[in-house]
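Take a look at the structure set out below.
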Amino acid sequence: MSDPRVAGFGLTHFGKHPERTGRAMFAEAGLAALDDAGVTPDDVEALFYGNFMGELAEHQGHQGPLMAEALGLDAPATRYESACASSGVAVRDAVRTVRNGEADLVLVGGAERMTNIGTAGATDALSIAADDLYEIRAGMTFPGAYALMARAYFEQYGGSREDLAEIAVKNHEHALPNEYAQMQQEITVEDALDAPVIADPLGLYDSCPITDGATAVVLASEEYAADHDLDAPVTIAGTGQGGDKMALQDRDYYARTPATEAAADEAYDDAGISADDVDFLEVHDCFTIAEVLALEGLGMYEIGEAIGAARRGETTRHGELPVNLSGGLKAKGHPVGATGVAQIISLTKLFEGRHPRADDVTDGTTAVAHNAGGTVASATVHVLEVDG
Amino acid sequence: MSDDDAVRDAGYDDLLDAIADGEGYYHECSNGHGSLPPRWACPQCGDRDLSEEPLPGSGEIDTFTIITVATPQFTDDAPYVTAVVDFGPVSITGQLRDVDPETVETGDVVGIDVDETETTGDRLIVFEPR
């Protein structure tokens with residue numbers, strides 16, 4: 001068993017592209033990934049594809065074979081759906097398939113078309129990641145759910161809207177040179193605090209935007225990469241997944257994410273590392289409070305301590321633990337089913353010196369990608385390492 | 001659904017009927033864990049021996065939010081307060097009625113009832129101050 005290597009990647013611009021179909025976006029991302037790896041469609045043995053709201057946004061189910069066809073692949077293709085963690089779980093299965101020796105070269109990616117159904121339509125579609133009977137029918141929205149978690153966090157551990165605003169400011173600053181990002185726009189704490197409230201205590205700038213986009217990476221076995229002389233210095237060295245009760249009301253915690261804790265424990269153990277070894281991360285900041293919950297769940301901070309990390313400068317690009325150098329979901333954008341793979345791409349680009357923020361992490365050897373679904377009823381964690 | 005011919009969701013709609021009649025209930029497993037219907041196994045421990053116990057008449061607000069951007073099904077309801085209320089053995093999510101949203105605090109004691117949404121007339125769980 002050997003750890004799969006990231007042999008190539010491709011992605012579309014993240015932003016408002018309402019006229020672009022999912023299949024067109026995934027074709028662009030997937031073909032770019034194959035070209036980047038220097039392989040052909042015939043080399044691909046399987047497609048692992050993440051998508052969340054295809055039925056609602058495009059009236060399209062059964063997207064696996066559709067996306068394989070879009071790339072000209074003659075390979076089995078499966079769609080993975082775990083809300084916003086859809087392509088995180090796709091990565092996990094792709095990693096395990098290569099490790100098991102069942103395939104030597106696979107494609108894993110995701111796509112989401114969202115802006116074509118408008119803000120109301122996307123708000124409705126995103127809400128179905130919650131429990132229909134006991135949450136959606138009570139009027140809960142996706143921002144509303146994270147607002148419930150934010151208030152619980154403030155009351156149990158302290159923190160304020162200003163602390164959350166510092167996270168938004170940081171991630172917007174990180175995205176400034178990222179040409180694939182939806183928002184290349186600097187903001188201030190005042191901008192964030194003055195923005196309209198969506199679900200108290202969360203405002204517009206606490207929330208990721210609604211995004212169209214697609215992503216893909218080629219994963220190759222160690223043997224395949226060596227035999228074909230692929231330039232692939234980054235490995236996925238650890239994988240983990242955790243789960244929790246679907247509805248917040250049925251959880252033990254509102255301001256902690258045990259699914260992330262379980263996924264991190266498994267992934268770190270799998271990679272033979274501890275939290276202290278991690279040099280930088282891409283975490284699931286669908287809302288600013290989600291970055292706080294992620295960093296605590298991943299063991300980067302004690303419970304109750306991550307709320308001030310951005311304000312203290314620790315998680316900025318000049319800090320000791322840079323978080324979301326891509327801009328995160330917050331500024332880069334969050335095409336739901338494409339996000340887990342987007343995180344793998346960002347970390348790979350940073351390691352390979354192909355990311356505009358790569359100069360901020362030149363000494364890093366170990367990085368973590370954290371992808372979460374719903375209110376973290378699903379979570380995946382992947383550990384990436386680069387050859388020394 | 002407001003449509004009288006709409007197909008019911010067994011378990012869930014039965015619970016709403018009971019709450020509306022002031023006779024709410026929850027499931028308790030033999031290890032004392034509470035859960036809401038429909039259940040065939042305890043979500044905490046997997047025990048299948050579930051009894052029906054009366055839901056306490058009031059609970060405390062654990063956490064809440066004031067939602068201003070709603071889904072299309074709740075547009076005319078916004079802004080509204082969504083709260084998770086701790087009834088002891090179970091916690092329940094619903095809309096808080098008859099309060100000034102700015103004065104709500106966690107720990108407030110509320111009762112439970114069933115009402116309709118302003119937007120669609122669909123049934124939903126509501127809380128009112130006690």
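By order of appearance in the structure tokens: chains A, B, ..., then residues from 1 within every chain, and ligands from 1 in the order shown.
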
Would you mind listing, for every residue of chain B within 8 Å of chain A, the two atoms forming the shortest contact and the distance between them in Å to one decimal, using only C-alpha atoms, sorted by chain and ascending residue number, as CSV?
```
residue,atom,partner,partner_atom,distance
B:Tyr12,CA,A:Leu133,CA,7.1
B:Ser35,CA,A:Asp250,CA,7.8
B:Asp62,CA,A:Ala152,CA,7.6
B:Thr63,CA,A:Leu148,CA,5.6
B:Phe64,CA,A:Leu148,CA,5.3
B:Thr65,CA,A:Asp200,CA,5.3
B:Ile66,CA,A:Asp200,CA,5.1
B:Ile67,CA,A:Ala199,CA,4.3
B:Thr68,CA,A:Ile198,CA,5.3
B:Val69,CA,A:Ile198,CA,5.3
B:Ala70,CA,A:Thr141,CA,6.6
B:Thr71,CA,A:Asp124,CA,5.1
B:Pro72,CA,A:Ala120,CA,6.1
B:Gln73,CA,A:Gly139,CA,7.9
B:Phe74,CA,A:Gly139,CA,6.4
B:Thr82,CA,A:Met140,CA,6.7
B:Ala83,CA,A:Leu148,CA,7.8
B:Val84,CA,A:Gln249,CA,6.3
B:Val90,CA,A:Asp250,CA,7.5
B:Ser91,CA,A:Gln249,CA,5.3
B:Ile92,CA,A:Gln249,CA,5.8
B:Thr93,CA,A:Glu135,CA,6.3
B:Gly94,CA,A:Ala138,CA,4.9
B:Gln95,CA,A:Ala138,CA,6.2
B:Leu124,CA,A:Ala138,CA,5.7
B:Ile125,CA,A:Ala138,CA,6.3
```

Surrounding residues of Gln60 in chain A excluding itself and chain neighbours under 4 positions, 12 Å, only C-alpha atoms, as a list of chain:residue names: A:Thr21, A:Gly22, A:Arg23, A:Asn51, A:Phe52, A:Met53, A:Gly54, A:Glu55, A:Leu56, A:Gly64, A:Pro65, A:Leu66, A:Met67, A:Arg79, A:Glu112, A:Arg113

Write the residues you've just listed into a file as a tab-separated table (two decimals), in the first residue's frame, and include C-alpha atoms for each of them.
```tsv
chain	number	residue	atom	x	y	z
A	21	THR	CA	-23.96	23.97	-17.16
A	22	GLY	CA	-22.41	21.63	-14.64
A	23	ARG	CA	-21.16	19.36	-17.39
A	51	ASN	CA	-22.20	17.24	-6.38
A	52	PHE	CA	-24.91	18.35	-3.94
A	53	MET	CA	-27.84	20.17	-5.51
A	54	GLY	CA	-27.85	18.94	-9.11
A	55	GLU	CA	-31.46	17.78	-8.92
A	56	LEU	CA	-32.65	21.18	-7.72
A	64	GLY	CA	-21.50	10.32	-12.61
A	65	PRO	CA	-21.71	8.95	-16.16
A	66	LEU	CA	-22.71	12.37	-17.48
A	67	MET	CA	-19.49	13.88	-16.17
A	79	ARG	CA	-21.48	10.72	-7.83
A	112	GLU	CA	-21.91	22.87	-8.59
A	113	ARG	CA	-24.15	25.22	-10.54
```

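If only C-alpha atoms are the atoms counted, then among B:Thr117, B:Thr75, B:Ser58, B:Asn31 the closest residue to Gly88 in chain B is B:Ser58.
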
DSSP-assigned strand (DSSP E or B) among chain B, expressed as a PyMOL selection string: chain B and resi 25-28+34-35+51-54+58-67+80-86+91-96+109-116+123-129

Point-to-point distance from CA of Arg96 in chain A to CA of Gly109 in chain A, Å rounded to tenths: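 Spanning CA of Arg96 in chain A to CA of Gly109 in chain A is a straight-line distance of 15.2 Å.
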
DSSP helix (DSSP H, G or I) residues within range 304-346 of chain A, listed as a PyMOL selection string: chain A and resi 306-308+328-332+336-346
